[in-house]
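*Asks:* Pasting a structure below so you can have a look.
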Amino acid sequence: MIIHTLVFSFSDSMPEAERKQFFSEMSQVILGSGLAEKIDHKPHLRLPDDAYAPVFVSSAIAEISCADLPTLQKLTGYPKLGEFRDKWQAKYPYKVIWTNHEKLTV
């Protein structure tokens with residue numbers, strides 16, 4: 001099992017309803033690909049010292065589970081996922097970092 005963990009930073013101008021729509025569409029695209037086993041996301045829980053974050057203050061985190069690294073690689077090249085990214089980057093440009101790793105807990 002490979003986990004693709006994404007940490008998103010959305011603009012404060014992105015309304016909460018749009019964030020919900022973003023993750024709803026993302027889930028539909030990813031699960032609709034047939035390449036991911038599951039996806040989950042949660043909002044970032046802010047703390048006062050977030051202002052000192054050296055890269056950016058996160059807005060949300062998402063985890064996508066795939067059977068293996070070759071499957072994740074296919075998912076990242078999935079055309080509908082590219083269309084999704086282009087659409088949302090044009091609408092509300094966001095920053096994202098990610099890491100690919102094996103499951104951390106049993």
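Going by the structure tokens order, chains are called A, B, ..., each with residues numbered from 1, while ligands are numbered from 1 in the order shown.
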Write out as a list in words each polymer residue whose atoms come within 9 Å of Ser33 (chain A), counting only C-alpha atoms; drop sequence neighbours fewer than 2 positions from it.
*Replies:*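 Near neighbours after the sequence-gap exclusion: Gln28, Val29, Ile30, Leu31, Leu35, Ala36, Leu75, Tyr78, Lys80 and Leu81 of chain A.
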*Asks:* Any chance you could list, as an MDAnalysis selection string, the residues in region 33-94 of chain A that come up helix (DSSP H, G or I) when DSSP is run on the backbone?
*Replies:* chainID A and resid 48:52 69:76 79:91
*Asks:* Go ahead and save the picked residues with N, CA and C atoms, as a CSV table (one decimal), in the first residue's frame.
*Replies:*
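Below is the file that was written, again_18.csv:
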chain,number,residue,atom,x,y,z
A,48,PRO,N,-1.9,29.4,16.9
A,48,PRO,CA,-1.3,30.7,16.8
A,48,PRO,C,0.0,30.8,16.1
A,49,ASP,N,0.9,29.8,16.3
A,49,ASP,CA,2.2,29.9,15.8
A,49,ASP,C,2.3,29.5,14.3
A,50,ASP,N,1.1,29.2,13.7
A,50,ASP,CA,1.1,28.9,12.2
A,50,ASP,C,1.8,30.0,11.4
A,51,ALA,N,1.7,31.3,11.9
A,51,ALA,CA,2.3,32.4,11.2
A,51,ALA,C,3.8,32.2,11.0
A,52,TYR,N,4.4,31.3,11.7
A,52,TYR,CA,5.9,31.1,11.6
A,52,TYR,C,6.2,30.0,10.7
A,69,LEU,N,3.4,1.7,-6.1
A,69,LEU,CA,3.9,2.9,-6.7
A,69,LEU,C,3.6,3.0,-8.2
A,70,PRO,N,3.7,1.9,-9.0
A,70,PRO,CA,3.3,2.1,-10.4
A,70,PRO,C,1.8,2.5,-10.6
A,71,THR,N,0.9,2.0,-9.7
A,71,THR,CA,-0.5,2.5,-9.8
A,71,THR,C,-0.6,3.9,-9.5
A,72,LEU,N,0.1,4.4,-8.4
A,72,LEU,CA,0.1,5.8,-8.1
A,72,LEU,C,0.6,6.6,-9.3
A,73,GLN,N,1.7,6.2,-9.9
A,73,GLN,CA,2.2,6.9,-11.1
A,73,GLN,C,1.2,7.0,-12.2
A,74,LYS,N,0.4,5.9,-12.4
A,74,LYS,CA,-0.7,6.0,-13.4
A,74,LYS,C,-1.7,7.0,-13.0
A,75,LEU,N,-2.0,7.0,-11.7
A,75,LEU,CA,-3.0,8.0,-11.3
A,75,LEU,C,-2.6,9.4,-11.5
A,76,THR,N,-1.3,9.7,-11.2
A,76,THR,CA,-0.8,11.1,-11.4
A,76,THR,C,-0.8,11.5,-12.8
A,79,PRO,N,-5.6,11.6,-17.2
A,79,PRO,CA,-6.0,12.9,-17.8
A,79,PRO,C,-7.1,13.7,-17.1
A,80,LYS,N,-8.1,13.0,-16.5
A,80,LYS,CA,-9.2,13.7,-15.8
A,80,LYS,C,-8.7,14.4,-14.5
A,81,LEU,N,-7.6,13.8,-13.9
A,81,LEU,CA,-7.0,14.5,-12.8
A,81,LEU,C,-6.3,15.8,-13.2
A,82,GLY,N,-5.6,15.7,-14.3
A,82,GLY,CA,-5.0,16.9,-14.9
A,82,GLY,C,-6.0,18.0,-15.2
A,83,GLU,N,-7.1,17.6,-15.8
A,83,GLU,CA,-8.2,18.6,-16.0
A,83,GLU,C,-8.7,19.2,-14.8
A,84,PHE,N,-8.9,18.4,-13.7
A,84,PHE,CA,-9.4,18.9,-12.4
A,84,PHE,C,-8.4,19.9,-11.9
A,85,ARG,N,-7.1,19.6,-11.9
A,85,ARG,CA,-6.0,20.5,-11.4
A,85,ARG,C,-6.1,21.8,-12.1
A,86,ASP,N,-6.1,21.7,-13.5
A,86,ASP,CA,-6.1,22.9,-14.3
A,86,ASP,C,-7.3,23.8,-14.0
A,87,LYS,N,-8.5,23.2,-13.8
A,87,LYS,CA,-9.7,23.9,-13.6
A,87,LYS,C,-9.6,24.7,-12.2
A,88,TRP,N,-9.2,24.0,-11.2
A,88,TRP,CA,-9.1,24.6,-9.9
A,88,TRP,C,-8.0,25.6,-9.7
A,89,GLN,N,-6.9,25.3,-10.3
A,89,GLN,CA,-5.7,26.3,-10.3
A,89,GLN,C,-6.1,27.6,-11.0
A,90,ALA,N,-6.9,27.5,-12.1
A,90,ALA,CA,-7.4,28.7,-12.8
A,90,ALA,C,-8.4,29.5,-11.9
A,91,LYS,N,-9.2,28.7,-11.2
A,91,LYS,CA,-10.3,29.4,-10.4
A,91,LYS,C,-9.8,30.0,-9.1
*Asks:* Report as a compact mmCIF listing (two decimals) with all heavy atoms, in the first residue's frame: the residues of chain A with a DSSP assignment of strand (DSSP E or B), based on the backbone of this structure.
*Replies:*
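The resulting part.txt:
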# COMPACT_ATOMS: atom_id res chain seq x y z
N ILE A 2 0.63 2.15 -0.93
CA ILE A 2 1.34 3.42 -1.01
C ILE A 2 0.35 4.54 -0.71
O ILE A 2 -0.77 4.55 -1.24
CB ILE A 2 1.97 3.63 -2.40
CG1 ILE A 2 2.99 2.53 -2.70
CG2 ILE A 2 2.61 5.01 -2.51
CD1 ILE A 2 4.18 2.49 -1.75
N ILE A 3 0.76 5.46 0.12
CA ILE A 3 -0.06 6.62 0.48
C ILE A 3 0.54 7.86 -0.17
O ILE A 3 1.73 8.10 -0.05
CB ILE A 3 -0.13 6.82 2.01
CG1 ILE A 3 -0.50 5.53 2.73
CG2 ILE A 3 -1.07 7.97 2.36
CD1 ILE A 3 -1.85 4.97 2.40
N HIS A 4 -0.29 8.59 -0.85
CA HIS A 4 0.08 9.88 -1.46
C HIS A 4 -0.56 10.94 -0.56
O HIS A 4 -1.77 11.09 -0.55
CB HIS A 4 -0.47 9.94 -2.88
CG HIS A 4 -0.15 11.17 -3.65
ND1 HIS A 4 1.14 11.57 -3.94
CD2 HIS A 4 -0.96 12.10 -4.23
CE1 HIS A 4 1.10 12.68 -4.66
NE2 HIS A 4 -0.16 13.01 -4.84
N THR A 5 0.27 11.60 0.26
CA THR A 5 -0.23 12.60 1.20
C THR A 5 -0.01 13.98 0.61
O THR A 5 1.12 14.31 0.21
CB THR A 5 0.48 12.48 2.56
OG1 THR A 5 0.21 11.19 3.10
CG2 THR A 5 -0.01 13.54 3.53
N LEU A 6 -1.08 14.77 0.53
CA LEU A 6 -1.02 16.12 -0.03
C LEU A 6 -1.36 17.13 1.05
O LEU A 6 -2.32 16.93 1.81
CB LEU A 6 -2.03 16.27 -1.17
CG LEU A 6 -1.86 15.31 -2.33
CD1 LEU A 6 -3.05 14.38 -2.39
CD2 LEU A 6 -1.68 16.05 -3.61
N VAL A 7 -0.60 18.21 1.12
CA VAL A 7 -0.88 19.30 2.04
C VAL A 7 -1.17 20.53 1.20
O VAL A 7 -0.32 20.99 0.44
CB VAL A 7 0.31 19.56 2.99
CG1 VAL A 7 -0.01 20.68 3.96
CG2 VAL A 7 0.68 18.28 3.75
N PHE A 8 -2.39 21.02 1.30
CA PHE A 8 -2.87 22.14 0.48
C PHE A 8 -2.84 23.44 1.26
O PHE A 8 -3.11 23.46 2.46
CB PHE A 8 -4.32 21.90 0.05
CG PHE A 8 -4.50 20.76 -0.89
CD1 PHE A 8 -4.85 19.50 -0.43
CD2 PHE A 8 -4.33 20.94 -2.25
CE1 PHE A 8 -5.02 18.44 -1.29
CE2 PHE A 8 -4.51 19.89 -3.14
CZ PHE A 8 -4.86 18.63 -2.66
N SER A 9 -2.57 24.53 0.54
CA SER A 9 -2.70 25.87 1.07
C SER A 9 -3.57 26.67 0.10
O SER A 9 -3.14 26.97 -1.02
CB SER A 9 -1.34 26.54 1.22
OG SER A 9 -1.49 27.85 1.74
N ALA A 36 -7.22 4.26 -7.42
CA ALA A 36 -7.04 4.49 -5.98
C ALA A 36 -8.03 3.65 -5.19
O ALA A 36 -9.16 3.45 -5.62
CB ALA A 36 -7.24 5.97 -5.65
N GLU A 37 -7.57 3.18 -4.04
CA GLU A 37 -8.43 2.37 -3.19
C GLU A 37 -9.28 3.23 -2.27
O GLU A 37 -10.39 2.85 -1.93
CB GLU A 37 -7.58 1.39 -2.39
CG GLU A 37 -6.88 0.41 -3.31
CD GLU A 37 -6.03 -0.60 -2.57
OE1 GLU A 37 -6.16 -0.73 -1.34
OE2 GLU A 37 -5.23 -1.26 -3.25
N LYS A 38 -8.73 4.38 -1.85
CA LYS A 38 -9.52 5.29 -1.03
C LYS A 38 -8.87 6.67 -1.02
O LYS A 38 -7.71 6.82 -1.36
CB LYS A 38 -9.71 4.77 0.40
CG LYS A 38 -8.47 4.74 1.25
CD LYS A 38 -8.80 4.24 2.65
CE LYS A 38 -7.55 4.30 3.52
NZ LYS A 38 -7.82 4.00 4.89
N ILE A 39 -9.66 7.64 -0.60
CA ILE A 39 -9.18 9.01 -0.43
C ILE A 39 -9.89 9.59 0.78
O ILE A 39 -11.07 9.29 1.02
CB ILE A 39 -9.43 9.88 -1.69
CG1 ILE A 39 -8.91 11.31 -1.44
CG2 ILE A 39 -10.86 9.85 -2.13
CD1 ILE A 39 -8.93 12.20 -2.66
N ASP A 40 -9.18 10.38 1.53
CA ASP A 40 -9.78 11.07 2.67
C ASP A 40 -9.11 12.43 2.79
O ASP A 40 -7.99 12.63 2.30
CB ASP A 40 -9.59 10.27 3.96
CG ASP A 40 -10.50 10.74 5.09
OD1 ASP A 40 -11.43 11.56 4.83
OD2 ASP A 40 -10.29 10.32 6.23
N HIS A 41 -9.78 13.36 3.41
CA HIS A 41 -9.24 14.69 3.61
C HIS A 41 -9.81 15.28 4.89
O HIS A 41 -10.89 14.92 5.34
CB HIS A 41 -9.55 15.61 2.42
CG HIS A 41 -11.02 15.87 2.26
ND1 HIS A 41 -11.66 16.91 2.89
CD2 HIS A 41 -11.96 15.20 1.57
CE1 HIS A 41 -12.94 16.87 2.58
NE2 HIS A 41 -13.15 15.84 1.78
N LYS A 42 -9.04 16.19 5.45
CA LYS A 42 -9.46 16.90 6.66
C LYS A 42 -8.91 18.31 6.59
O LYS A 42 -7.85 18.56 6.02
CB LYS A 42 -8.91 16.23 7.93
CG LYS A 42 -9.38 14.81 8.15
CD LYS A 42 -10.81 14.77 8.61
CE LYS A 42 -11.23 13.37 8.98
NZ LYS A 42 -12.18 12.77 8.11
N PRO A 43 -9.60 19.27 7.24
CA PRO A 43 -9.06 20.63 7.29
C PRO A 43 -7.89 20.70 8.28
O PRO A 43 -7.80 19.91 9.22
CB PRO A 43 -10.24 21.47 7.79
CG PRO A 43 -11.09 20.50 8.54
CD PRO A 43 -10.92 19.16 7.88
N ALA A 60 -5.57 22.29 4.39
CA ALA A 60 -6.16 20.95 4.46
C ALA A 60 -5.11 19.92 4.09
O ALA A 60 -4.08 20.24 3.48
CB ALA A 60 -7.34 20.84 3.51
N ILE A 61 -5.40 18.68 4.46
CA ILE A 61 -4.54 17.55 4.11
C ILE A 61 -5.42 16.48 3.48
O ILE A 61 -6.60 16.34 3.81
CB ILE A 61 -3.81 17.00 5.36
CG1 ILE A 61 -2.74 16.00 4.96
CG2 ILE A 61 -4.78 16.44 6.37
CD1 ILE A 61 -1.79 15.65 6.09
N ALA A 62 -4.85 15.76 2.52
CA ALA A 62 -5.56 14.66 1.88
C ALA A 62 -4.63 13.46 1.77
O ALA A 62 -3.42 13.63 1.63
CB ALA A 62 -6.06 15.06 0.50
N GLU A 63 -5.20 12.28 1.86
CA GLU A 63 -4.45 11.05 1.66
C GLU A 63 -5.15 10.20 0.61
O GLU A 63 -6.35 9.99 0.69
CB GLU A 63 -4.37 10.23 2.96
CG GLU A 63 -3.40 10.77 3.96
CD GLU A 63 -3.20 9.81 5.12
OE1 GLU A 63 -3.93 8.80 5.24
OE2 GLU A 63 -2.31 10.08 5.92
N ILE A 64 -4.37 9.75 -0.34
CA ILE A 64 -4.86 8.87 -1.39
C ILE A 64 -4.11 7.56 -1.26
O ILE A 64 -2.88 7.56 -1.19
CB ILE A 64 -4.62 9.48 -2.79
CG1 ILE A 64 -5.31 10.84 -2.89
CG2 ILE A 64 -5.09 8.53 -3.88
CD1 ILE A 64 -4.87 11.67 -4.07
N SER A 65 -4.82 6.45 -1.22
CA SER A 65 -4.21 5.13 -1.08
C SER A 65 -4.26 4.39 -2.40
O SER A 65 -5.33 4.28 -3.02
CB SER A 65 -4.94 4.30 -0.03
OG SER A 65 -4.91 4.96 1.21
N CYS A 66 -3.11 3.89 -2.84
CA CYS A 66 -3.00 3.09 -4.06
C CYS A 66 -2.30 1.78 -3.72
O CYS A 66 -1.54 1.71 -2.75
CB CYS A 66 -2.21 3.83 -5.13
SG CYS A 66 -3.06 5.27 -5.80
N LYS A 95 -1.42 26.30 -3.43
CA LYS A 95 -0.11 25.66 -3.31
C LYS A 95 -0.33 24.28 -2.72
O LYS A 95 -1.27 24.06 -1.95
CB LYS A 95 0.79 26.49 -2.41
CG LYS A 95 1.10 27.87 -2.97
CD LYS A 95 1.91 28.66 -1.98
CE LYS A 95 2.11 30.07 -2.50
NZ LYS A 95 2.75 30.93 -1.51
N VAL A 96 0.54 23.37 -3.10
CA VAL A 96 0.43 22.01 -2.57
C VAL A 96 1.83 21.39 -2.52
O VAL A 96 2.67 21.65 -3.38
CB VAL A 96 -0.54 21.15 -3.42
CG1 VAL A 96 -0.05 21.00 -4.85
CG2 VAL A 96 -0.79 19.81 -2.77
N ILE A 97 2.05 20.63 -1.46
CA ILE A 97 3.24 19.79 -1.38
C ILE A 97 2.75 18.37 -1.12
O ILE A 97 1.63 18.17 -0.66
CB ILE A 97 4.22 20.24 -0.27
CG1 ILE A 97 3.54 20.24 1.11
CG2 ILE A 97 4.81 21.61 -0.58
CD1 ILE A 97 4.50 20.49 2.26
N TRP A 98 3.57 17.40 -1.47
CA TRP A 98 3.14 16.02 -1.25
C TRP A 98 4.33 15.13 -0.95
O TRP A 98 5.48 15.48 -1.20
CB TRP A 98 2.35 15.47 -2.43
CG TRP A 98 3.08 15.47 -3.74
CD1 TRP A 98 3.99 14.55 -4.19
CD2 TRP A 98 2.95 16.44 -4.77
NE1 TRP A 98 4.43 14.89 -5.42
CE2 TRP A 98 3.81 16.06 -5.82
CE3 TRP A 98 2.20 17.60 -4.92
CZ2 TRP A 98 3.92 16.79 -7.00
CZ3 TRP A 98 2.33 18.32 -6.09
CH2 TRP A 98 3.17 17.91 -7.11
N THR A 99 3.99 13.97 -0.43
CA THR A 99 4.97 12.93 -0.19
C THR A 99 4.30 11.59 -0.47
O THR A 99 3.10 11.43 -0.26
CB THR A 99 5.51 12.99 1.26
OG1 THR A 99 6.52 12.00 1.41
CG2 THR A 99 4.43 12.80 2.29
N ASN A 100 5.08 10.66 -0.98
CA ASN A 100 4.61 9.30 -1.25
C ASN A 100 5.32 8.38 -0.27
O ASN A 100 6.55 8.45 -0.13
CB ASN A 100 4.95 8.89 -2.69
CG ASN A 100 4.44 9.89 -3.68
OD1 ASN A 100 3.30 10.32 -3.61
ND2 ASN A 100 5.27 10.31 -4.62
N HIS A 101 4.55 7.56 0.41
CA HIS A 101 5.14 6.72 1.46
C HIS A 101 4.29 5.50 1.71
O HIS A 101 3.13 5.43 1.32
CB HIS A 101 5.29 7.53 2.76
CG HIS A 101 4.02 8.17 3.22
ND1 HIS A 101 3.13 7.53 4.05
CD2 HIS A 101 3.46 9.37 2.93
CE1 HIS A 101 2.09 8.33 4.27
NE2 HIS A 101 2.27 9.46 3.60
N GLU A 102 4.90 4.54 2.38
CA GLU A 102 4.15 3.38 2.82
C GLU A 102 3.29 3.79 4.01
O GLU A 102 3.56 4.80 4.67
CB GLU A 102 5.10 2.24 3.21
CG GLU A 102 5.87 1.73 2.00
CD GLU A 102 6.87 0.66 2.34
OE1 GLU A 102 7.20 0.49 3.53
OE2 GLU A 102 7.34 -0.01 1.41
*Asks:* Under the rule that only C-alpha atoms are counted, which of A:Pro93, A:Phe23, A:Phe10, A:Gly77 is the nearest residue to Ser58 (chain A)?
*Replies:*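 Among the listed residues, A:Phe10 lies closest to Ser58 (chain A).
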